[in-house]
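For reference, data_22.pdb (PDB, C-alpha atoms):
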```
ATOM      1  CA  MET A   1      24.230  -2.151  27.084  1.00  0.00           C
ATOM      2  CA  ARG A   2      21.700  -1.117  24.439  1.00  0.00           C
ATOM      3  CA  ARG A   3      20.868  -3.818  21.962  1.00  0.00           C
ATOM      4  CA  ALA A   4      18.652  -4.048  18.930  1.00  0.00           C
ATOM      5  CA  LEU A   5      16.974  -6.570  16.732  1.00  0.00           C
ATOM      6  CA  PHE A   6      17.514  -5.345  13.188  1.00  0.00           C
ATOM      7  CA  LEU A   7      14.825  -6.499  10.779  1.00  0.00           C
ATOM      8  CA  ASP A   8      14.916  -6.713   7.031  1.00  0.00           C
ATOM      9  CA  ARG A   9      11.543  -5.889   5.470  1.00  0.00           C
ATOM     10  CA  ASP A  10      10.914  -7.879   2.293  1.00  0.00           C
ATOM     11  CA  GLY A  11      11.027 -11.613   2.943  1.00  0.00           C
ATOM     12  CA  VAL A  12      10.970 -11.110   6.714  1.00  0.00           C
ATOM     13  CA  LEU A  13       7.993  -8.880   7.529  1.00  0.00           C
ATOM     14  CA  ASN A  14       6.163  -9.114   4.224  1.00  0.00           C
ATOM     15  CA  GLU A  15       6.298 -11.758   1.537  1.00  0.00           C
ATOM     16  CA  LEU A  16       8.310 -11.258  -1.614  1.00  0.00           C
ATOM     17  CA  VAL A  17       6.417 -11.067  -4.885  1.00  0.00           C
ATOM     18  CA  GLN A  18       7.208 -13.703  -7.487  1.00  0.00           C
ATOM     19  CA  PRO A  19       5.926 -12.483 -10.859  1.00  0.00           C
ATOM     20  CA  ALA A  20       5.821 -14.547 -14.051  1.00  0.00           C
ATOM     21  CA  SER A  21       9.535 -13.855 -14.590  1.00  0.00           C
ATOM     22  CA  GLY A  22      10.214 -15.991 -11.505  1.00  0.00           C
ATOM     23  CA  VAL A  23      12.517 -13.377  -9.949  1.00  0.00           C
ATOM     24  CA  TYR A  24      11.517 -12.488  -6.391  1.00  0.00           C
ATOM     25  CA  ARG A  25      11.093  -8.779  -5.666  1.00  0.00           C
ATOM     26  CA  ALA A  26       9.630  -6.341  -3.176  1.00  0.00           C
ATOM     27  CA  PRO A  27       5.983  -5.330  -3.517  1.00  0.00           C
ATOM     28  CA  TRP A  28       5.349  -2.220  -5.602  1.00  0.00           C
ATOM     29  CA  ASN A  29       1.815  -1.467  -4.397  1.00  0.00           C
ATOM     30  CA  TRP A  30      -0.650  -2.427  -1.644  1.00  0.00           C
ATOM     31  CA  ASN A  31      -2.270  -5.127  -3.805  1.00  0.00           C
ATOM     32  CA  GLU A  32       1.006  -7.049  -3.711  1.00  0.00           C
ATOM     33  CA  VAL A  33       1.586  -6.779   0.054  1.00  0.00           C
ATOM     34  CA  LYS A  34       1.113  -9.920   2.142  1.00  0.00           C
ATOM     35  CA  PHE A  35       2.355  -9.945   5.723  1.00  0.00           C
ATOM     36  CA  TYR A  36       3.763 -13.004   7.416  1.00  0.00           C
ATOM     37  CA  PRO A  37       1.730 -14.278  10.358  1.00  0.00           C
ATOM     38  CA  GLY A  38       3.229 -14.202  13.835  1.00  0.00           C
ATOM     39  CA  LEU A  39       4.777 -10.734  13.783  1.00  0.00           C
ATOM     40  CA  GLU A  40       2.969  -9.850  17.020  1.00  0.00           C
ATOM     41  CA  ILE A  41       5.888 -11.546  18.749  1.00  0.00           C
ATOM     42  CA  LEU A  42       7.954  -8.426  18.054  1.00  0.00           C
ATOM     43  CA  GLN A  43       6.339  -6.743  21.062  1.00  0.00           C
ATOM     44  CA  SER A  44       7.659  -9.525  23.276  1.00  0.00           C
ATOM     45  CA  VAL A  45      11.111  -8.963  21.770  1.00  0.00           C
ATOM     46  CA  ARG A  46      10.804  -5.290  22.747  1.00  0.00           C
ATOM     47  CA  GLU A  47       9.757  -6.303  26.273  1.00  0.00           C
ATOM     48  CA  ARG A  48      12.992  -8.291  26.547  1.00  0.00           C
ATOM     49  CA  GLY A  49      14.949  -5.080  26.125  1.00  0.00           C
ATOM     50  CA  TYR A  50      15.615  -4.973  22.405  1.00  0.00           C
ATOM     51  CA  LEU A  51      15.112  -1.922  20.223  1.00  0.00           C
ATOM     52  CA  LEU A  52      13.373  -2.792  16.943  1.00  0.00           C
ATOM     53  CA  VAL A  53      15.086  -1.299  13.899  1.00  0.00           C
ATOM     54  CA  MET A  54      14.050  -1.996  10.318  1.00  0.00           C
ATOM     55  CA  VAL A  55      16.779  -1.775   7.651  1.00  0.00           C
ATOM     56  CA  THR A  56      15.763  -2.279   4.045  1.00  0.00           C
ATOM     57  CA  ASN A  57      17.218  -2.024   0.566  1.00  0.00           C
ATOM     58  CA  GLN A  58      14.731  -0.492  -1.865  1.00  0.00           C
ATOM     59  CA  PRO A  59      16.680  -0.146  -5.146  1.00  0.00           C
ATOM     60  CA  ASP A  60      13.447  -0.194  -7.165  1.00  0.00           C
ATOM     61  CA  ILE A  61      12.953   3.427  -6.076  1.00  0.00           C
ATOM     62  CA  GLU A  62      16.017   4.540  -8.035  1.00  0.00           C
ATOM     63  CA  ARG A  63      15.042   2.223 -10.895  1.00  0.00           C
ATOM     64  CA  GLY A  64      11.671   4.018 -11.112  1.00  0.00           C
ATOM     65  CA  LEU A  65       9.669   0.808 -10.508  1.00  0.00           C
ATOM     66  CA  VAL A  66       8.122   1.825  -7.177  1.00  0.00           C
ATOM     67  CA  SER A  67       7.312   5.225  -5.728  1.00  0.00           C
ATOM     68  CA  THR A  68       9.048   6.624  -2.696  1.00  0.00           C
ATOM     69  CA  ALA A  69       5.575   7.481  -1.403  1.00  0.00           C
ATOM     70  CA  PHE A  70       4.483   3.820  -1.411  1.00  0.00           C
ATOM     71  CA  VAL A  71       7.719   2.610   0.215  1.00  0.00           C
ATOM     72  CA  ASP A  72       7.363   5.287   2.894  1.00  0.00           C
ATOM     73  CA  GLU A  73       3.701   4.420   3.438  1.00  0.00           C
ATOM     74  CA  LEU A  74       4.402   0.689   3.842  1.00  0.00           C
ATOM     75  CA  ASN A  75       7.359   1.378   6.142  1.00  0.00           C
ATOM     76  CA  ARG A  76       5.279   3.787   8.240  1.00  0.00           C
ATOM     77  CA  TYR A  77       2.486   1.200   8.517  1.00  0.00           C
ATOM     78  CA  LEU A  78       4.912  -1.453   9.776  1.00  0.00           C
ATOM     79  CA  SER A  79       6.678   0.987  12.082  1.00  0.00           C
ATOM     80  CA  ASP A  80       3.421   2.163  13.651  1.00  0.00           C
ATOM     81  CA  LYS A  81       1.946  -1.326  13.972  1.00  0.00           C
ATOM     82  CA  TYR A  82       5.019  -2.918  15.570  1.00  0.00           C
ATOM     83  CA  ARG A  83       6.395   0.204  17.291  1.00  0.00           C
ATOM     84  CA  PHE A  84       9.769   0.228  15.556  1.00  0.00           C
ATOM     85  CA  ASP A  85      12.306   2.536  17.108  1.00  0.00           C
ATOM     86  CA  SER A  86      13.546   3.533  13.674  1.00  0.00           C
ATOM     87  CA  THR A  87      13.521   2.623  10.003  1.00  0.00           C
ATOM     88  CA  TYR A  88      16.435   3.009   7.627  1.00  0.00           C
ATOM     89  CA  VAL A  89      16.035   2.766   3.847  1.00  0.00           C
ATOM     90  CA  CYS A  90      18.605   2.567   1.062  1.00  0.00           C
ATOM     91  CA  PRO A  91      16.915   3.622  -2.206  1.00  0.00           C
ATOM     92  CA  PHE A  92      20.028   3.135  -4.335  1.00  0.00           C
ATOM     93  CA  GLN A  93      20.756   0.304  -6.753  1.00  0.00           C
ATOM     94  CA  SER A  94      24.558   0.538  -6.792  1.00  0.00           C
ATOM     95  CA  SER A  95      26.258  -2.121  -4.692  1.00  0.00           C
ATOM     96  CA  ASP A  96      29.005   0.439  -4.068  1.00  0.00           C
ATOM     97  CA  HIS A  97      26.719   2.634  -1.966  1.00  0.00           C
ATOM     98  CA  PRO A  98      27.782   2.309   1.700  1.00  0.00           C
ATOM     99  CA  ASP A  99      24.147   1.977   2.845  1.00  0.00           C
ATOM    100  CA  LYS A 100      23.159  -0.787   0.435  1.00  0.00           C
ATOM    101  CA  LYS A 101      23.337  -4.172   2.084  1.00  0.00           C
ATOM    102  CA  PRO A 102      25.590  -6.151   2.207  1.00  0.00           C
ATOM    103  CA  ASN A 103      27.401  -2.927   3.135  1.00  0.00           C
ATOM    104  CA  PRO A 104      26.849  -2.060   6.797  1.00  0.00           C
ATOM    105  CA  GLY A 105      26.063   1.656   6.483  1.00  0.00           C
ATOM    106  CA  LEU A 106      22.456   1.520   7.713  1.00  0.00           C
ATOM    107  CA  LEU A 107      23.324  -0.664  10.702  1.00  0.00           C
ATOM    108  CA  LEU A 108      26.302   1.489  11.651  1.00  0.00           C
ATOM    109  CA  ARG A 109      24.179   4.631  11.464  1.00  0.00           C
ATOM    110  CA  ALA A 110      21.660   3.049  13.838  1.00  0.00           C
ATOM    111  CA  ALA A 111      24.493   1.959  16.134  1.00  0.00           C
ATOM    112  CA  ARG A 112      25.706   5.576  16.384  1.00  0.00           C
ATOM    113  CA  GLU A 113      22.249   7.099  16.765  1.00  0.00           C
ATOM    114  CA  PHE A 114      21.127   4.663  19.466  1.00  0.00           C
ATOM    115  CA  SER A 115      24.522   4.000  21.134  1.00  0.00           C
ATOM    116  CA  LEU A 116      24.173   0.277  20.467  1.00  0.00           C
ATOM    117  CA  ASP A 117      26.532  -2.421  21.613  1.00  0.00           C
ATOM    118  CA  MET A 118      26.652  -4.266  18.301  1.00  0.00           C
ATOM    119  CA  LYS A 119      27.948  -7.474  19.904  1.00  0.00           C
ATOM    120  CA  GLY A 120      24.578  -7.731  21.670  1.00  0.00           C
ATOM    121  CA  CYS A 121      22.542  -7.079  18.517  1.00  0.00           C
ATOM    122  CA  TRP A 122      20.992  -9.492  16.036  1.00  0.00           C
ATOM    123  CA  PHE A 123      19.907  -9.000  12.422  1.00  0.00           C
ATOM    124  CA  LEU A 124      16.891 -11.050  11.342  1.00  0.00           C
ATOM    125  CA  GLY A 125      17.076 -11.403   7.580  1.00  0.00           C
ATOM    126  CA  ASP A 126      16.350 -13.732   4.717  1.00  0.00           C
ATOM    127  CA  THR A 127      19.335 -13.332   2.363  1.00  0.00           C
ATOM    128  CA  SER A 128      23.116 -13.501   2.317  1.00  0.00           C
ATOM    129  CA  ASN A 129      23.156  -9.684   1.981  1.00  0.00           C
ATOM    130  CA  ASP A 130      21.601  -9.464   5.444  1.00  0.00           C
ATOM    131  CA  VAL A 131      24.078 -11.967   6.894  1.00  0.00           C
ATOM    132  CA  VAL A 132      27.091 -10.169   5.406  1.00  0.00           C
ATOM    133  CA  ALA A 133      25.828  -6.726   6.502  1.00  0.00           C
ATOM    134  CA  ALA A 134      25.430  -8.049  10.053  1.00  0.00           C
ATOM    135  CA  ALA A 135      28.959  -9.451  10.099  1.00  0.00           C
ATOM    136  CA  ARG A 136      30.442  -6.258   8.665  1.00  0.00           C
ATOM    137  CA  ALA A 137      28.603  -4.207  11.302  1.00  0.00           C
ATOM    138  CA  GLY A 138      29.786  -6.442  14.131  1.00  0.00           C
ATOM    139  CA  CYS A 139      26.484  -8.036  15.092  1.00  0.00           C
ATOM    140  CA  ARG A 140      25.115 -11.552  14.785  1.00  0.00           C
ATOM    141  CA  SER A 141      22.793 -12.811  12.070  1.00  0.00           C
ATOM    142  CA  VAL A 142      19.747 -15.018  12.151  1.00  0.00           C
ATOM    143  CA  LEU A 143      18.045 -16.173   8.963  1.00  0.00           C
ATOM    144  CA  ILE A 144      14.374 -16.960   8.878  1.00  0.00           C
ATOM    145  CA  GLU A 145      13.991 -20.002   6.667  1.00  0.00           C
ATOM    146  CA  ARG A 146      12.349 -19.465   3.319  1.00  0.00           C
ATOM    147  CA  SER A 147      12.169 -21.708   0.261  1.00  0.00           C
ATOM    148  CA  TYR A 148      14.801 -19.596  -1.512  1.00  0.00           C
ATOM    149  CA  ASN A 149      17.444 -19.425   1.256  1.00  0.00           C
ATOM    150  CA  ARG A 150      17.952 -22.990   2.403  1.00  0.00           C
ATOM    151  CA  GLN A 151      21.576 -22.976   1.233  1.00  0.00           C
ATOM    152  CA  GLU A 152      22.502 -19.686   2.933  1.00  0.00           C
ATOM    153  CA  GLY A 153      24.687 -19.680   6.002  1.00  0.00           C
ATOM    154  CA  SER A 154      24.264 -17.462   9.077  1.00  0.00           C
ATOM    155  CA  ASP A 155      25.060 -17.418  12.778  1.00  0.00           C
ATOM    156  CA  ARG A 156      21.647 -18.950  13.521  1.00  0.00           C
ATOM    157  CA  ARG A 157      18.530 -20.056  11.648  1.00  0.00           C
ATOM    158  CA  VAL A 158      14.891 -20.106  12.716  1.00  0.00           C
ATOM    159  CA  ARG A 159      11.863 -21.679  11.081  1.00  0.00           C
ATOM    160  CA  SER A 160       9.389 -19.347  12.794  1.00  0.00           C
ATOM    161  CA  TYR A 161       9.286 -16.093  14.729  1.00  0.00           C
ATOM    162  CA  ASP A 162       8.591 -18.052  17.937  1.00  0.00           C
ATOM    163  CA  GLU A 163      12.074 -19.549  17.718  1.00  0.00           C
ATOM    164  CA  LEU A 164      13.603 -16.081  17.989  1.00  0.00           C
ATOM    165  CA  PHE A 165      13.489 -16.089  21.775  1.00  0.00           C
ATOM    166  CA  SER A 166      15.921 -18.944  22.172  1.00  0.00           C
ATOM    167  CA  VAL A 167      18.330 -17.210  19.793  1.00  0.00           C
ATOM    168  CA  LEU A 168      18.024 -13.763  21.401  1.00  0.00           C
ATOM    169  CA  GLU A 169      18.717 -15.179  24.839  1.00  0.00           C
ATOM    170  CA  GLU A 170      22.022 -16.783  23.808  1.00  0.00           C
ATOM    171  CA  PRO A 171      24.984 -15.439  25.793  1.00  0.00           C
ATOM    172  CA  LEU A 172      27.606 -13.333  24.049  1.00  0.00           C
ATOM    173  CA  GLY A 173      30.790 -15.004  22.974  1.00  0.00           C
TER     174      GLY A 173
END
```
Output the structure of this file as structure tokens.
Amino acid sequence: MRRALFLDRDGVLNELVQPASGVYRAPWNWNEVKFYPGLEILQSVRERGYLLVMVTNQPDIERGLVSTAFVDELNRYLSDKYRFDSTYVCPFQSSDHPDKKPNPGLLLRAAREFSLDMKGCWFLGDTSNDVVAAARAGCRSVLIERSYNRQEGSDRRVRSYDELFSVLEEPLG
């Protein structure tokens, strides 16, 4: 049984940017990038037999607010540093696109490419879009608590990356 830990990027691996408008968004350049501490734990997740797969919506590419080159550079940095098995990006802003979360397209593509047993997979996210995408793809969701998602529901919640281990070791069913 191949299993994966799917990871959202913005709000999970790096902090969201909150400009004067008050609306959280992804970083648009390196000056805005701040990584969460504790991500080194991802190597221990890998050692427990999980593939690491990043899945991220990046609609600001299509909106012309961030360059594809920067998004690719940031994704490559994270992938190299934490040895991700793959990264999947949806650059489209339309909610109708099958790859844009909460649609499950990116997760289902990974499931096909890596022959994953989705019942044994988890999606670590920070928004309801991540939770819904996980459910639609047939895997379980875990939200990392942030100030903006306290009201969101999911299969499990964690306050820190260290708490992931107890969640990942839960039996199926």
task = Would you kindly return, as a ChimeraX atom specification, each protein, DNA or RNA residue with an atom no farther than 12 Å from any atom of segment 73-86 of chain A, considering only C-alpha atoms and excluding same-chain residues fewer than 2 positions away?
result = /A:3-10,12-14,26-36,38-47,50-58,66-71,88-89,106-107,109-111,113-114
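Every residue that the PyMOL selection byres ((chain A and resi 144-156) around 10) selects in this file is listed here: Gly11, Val12, Glu15, Tyr24, Trp122, Phe123, Leu124, Gly125, Asp126, Thr127, Ser128, Asp130, Val131, Val132, Ala134, Ala135, Cys139, Arg140, Ser141, Val142, Leu143, Arg157, Val158, Arg159, Ser160, Tyr161, Glu163, Leu164 and Val167 of chain A.
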To test the calculation: enclose all listed atoms of segment 95-112 of chain A in a box whose edges run along x, y and z, add 5 Å on each side, then state centre and edge lengths in Å to one decimal, as AutoDock Vina command-line options.
```
--center_x 25.3 --center_y -0.3 --center_z 5.8 --size_x 17.3 --size_y 21.7 --size_z 31.1
```
query = Which value, in Å to one decimal, gives the distance between atom CA of Asp96 of chain A and atom CA of Gln18 of chain A?
reply = 26.2 Å
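Pairwise distance (atom CA of Arg112 of chain A, atom CA of Gly49 of chain A) equals 18.0 Å.
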ask   = By how many Å are atom CA of Asn103 of chain A and atom CA of Asp162 of chain A apart?
value =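 Atom CA of Asp162 of chain A lies 28.3 Å from atom CA of Asn103 of chain A.
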inquiry  = When you count only C-alpha atoms, which of these residues is closest to Asp99 of chain A: A:Arg25, A:Arg136, A:Arg48, A:Arg63?
reply    =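 The answer is A:Arg136, which sits nearest to Asp99 of chain A.
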Can segment 64-88 of chain A be brought up to N, CA, C and O atoms and written out as a compact mmCIF listing (two decimals), keeping the file's coordinate frame?
```
# COMPACT_ATOMS: atom_id res chain seq x y z
N GLY A 64 12.94 3.46 -10.66
CA GLY A 64 11.67 4.02 -11.11
C GLY A 64 10.54 3.00 -11.16
O GLY A 64 9.52 3.23 -11.82
N LEU A 65 10.68 1.87 -10.47
CA LEU A 65 9.67 0.81 -10.51
C LEU A 65 8.66 0.90 -9.37
O LEU A 65 7.59 0.30 -9.44
N VAL A 66 9.02 1.64 -8.32
CA VAL A 66 8.12 1.82 -7.18
C VAL A 66 8.29 3.27 -6.70
O VAL A 66 9.39 3.83 -6.79
N SER A 67 7.23 3.84 -6.19
CA SER A 67 7.31 5.22 -5.73
C SER A 67 7.86 5.30 -4.31
O SER A 67 7.62 4.41 -3.48
N THR A 68 8.57 6.37 -4.05
CA THR A 68 9.05 6.62 -2.70
C THR A 68 7.86 6.74 -1.76
O THR A 68 7.92 6.27 -0.61
N ALA A 69 6.77 7.31 -2.24
CA ALA A 69 5.58 7.48 -1.40
C ALA A 69 5.04 6.13 -0.94
O ALA A 69 4.68 5.98 0.24
N PHE A 70 4.98 5.14 -1.83
CA PHE A 70 4.48 3.82 -1.41
C PHE A 70 5.44 3.17 -0.42
O PHE A 70 5.01 2.62 0.60
N VAL A 71 6.73 3.21 -0.69
CA VAL A 71 7.72 2.61 0.22
C VAL A 71 7.60 3.25 1.59
O VAL A 71 7.56 2.57 2.62
N ASP A 72 7.50 4.58 1.62
CA ASP A 72 7.36 5.29 2.89
C ASP A 72 6.07 4.91 3.61
O ASP A 72 6.05 4.72 4.83
N GLU A 73 4.99 4.77 2.85
CA GLU A 73 3.70 4.42 3.44
C GLU A 73 3.73 3.01 4.05
O GLU A 73 3.26 2.80 5.17
N LEU A 74 4.29 2.05 3.33
CA LEU A 74 4.40 0.69 3.84
C LEU A 74 5.31 0.65 5.08
O LEU A 74 4.98 0.03 6.09
N ASN A 75 6.44 1.35 5.01
CA ASN A 75 7.36 1.38 6.14
C ASN A 75 6.70 2.02 7.37
O ASN A 75 6.87 1.55 8.49
N ARG A 76 5.97 3.10 7.14
CA ARG A 76 5.28 3.79 8.24
C ARG A 76 4.22 2.87 8.87
O ARG A 76 4.07 2.80 10.09
N TYR A 77 3.49 2.14 8.02
CA TYR A 77 2.49 1.20 8.52
C TYR A 77 3.13 0.17 9.45
O TYR A 77 2.66 -0.08 10.55
N LEU A 78 4.21 -0.44 8.97
CA LEU A 78 4.91 -1.45 9.78
C LEU A 78 5.47 -0.85 11.06
O LEU A 78 5.36 -1.43 12.14
N SER A 79 6.08 0.32 10.93
CA SER A 79 6.68 0.99 12.08
C SER A 79 5.63 1.32 13.14
O SER A 79 5.86 1.10 14.33
N ASP A 80 4.49 1.82 12.71
CA ASP A 80 3.42 2.16 13.65
C ASP A 80 2.83 0.91 14.29
O ASP A 80 2.61 0.86 15.49
N LYS A 81 2.59 -0.11 13.48
CA LYS A 81 1.95 -1.33 13.97
C LYS A 81 2.82 -2.07 14.99
O LYS A 81 2.33 -2.56 16.01
N TYR A 82 4.12 -2.14 14.72
CA TYR A 82 5.02 -2.92 15.57
C TYR A 82 5.93 -2.05 16.44
O TYR A 82 6.82 -2.56 17.09
N ARG A 83 5.68 -0.75 16.44
CA ARG A 83 6.40 0.20 17.29
C ARG A 83 7.91 0.13 17.09
O ARG A 83 8.67 0.01 18.05
N PHE A 84 8.34 0.21 15.83
CA PHE A 84 9.77 0.23 15.56
C PHE A 84 10.38 1.50 16.12
O PHE A 84 9.77 2.56 16.11
N ASP A 85 11.60 1.38 16.59
CA ASP A 85 12.31 2.54 17.11
C ASP A 85 12.84 3.40 15.98
O ASP A 85 12.96 4.61 16.14
N SER A 86 13.11 2.78 14.84
CA SER A 86 13.55 3.53 13.67
C SER A 86 13.49 2.64 12.44
O SER A 86 13.46 1.41 12.56
N THR A 87 13.49 3.30 11.30
CA THR A 87 13.52 2.62 10.00
C THR A 87 14.57 3.31 9.14
O THR A 87 14.61 4.54 9.06
N TYR A 88 15.40 2.50 8.52
CA TYR A 88 16.43 3.01 7.63
C TYR A 88 16.25 2.37 6.26
O TYR A 88 16.09 1.16 6.15
```
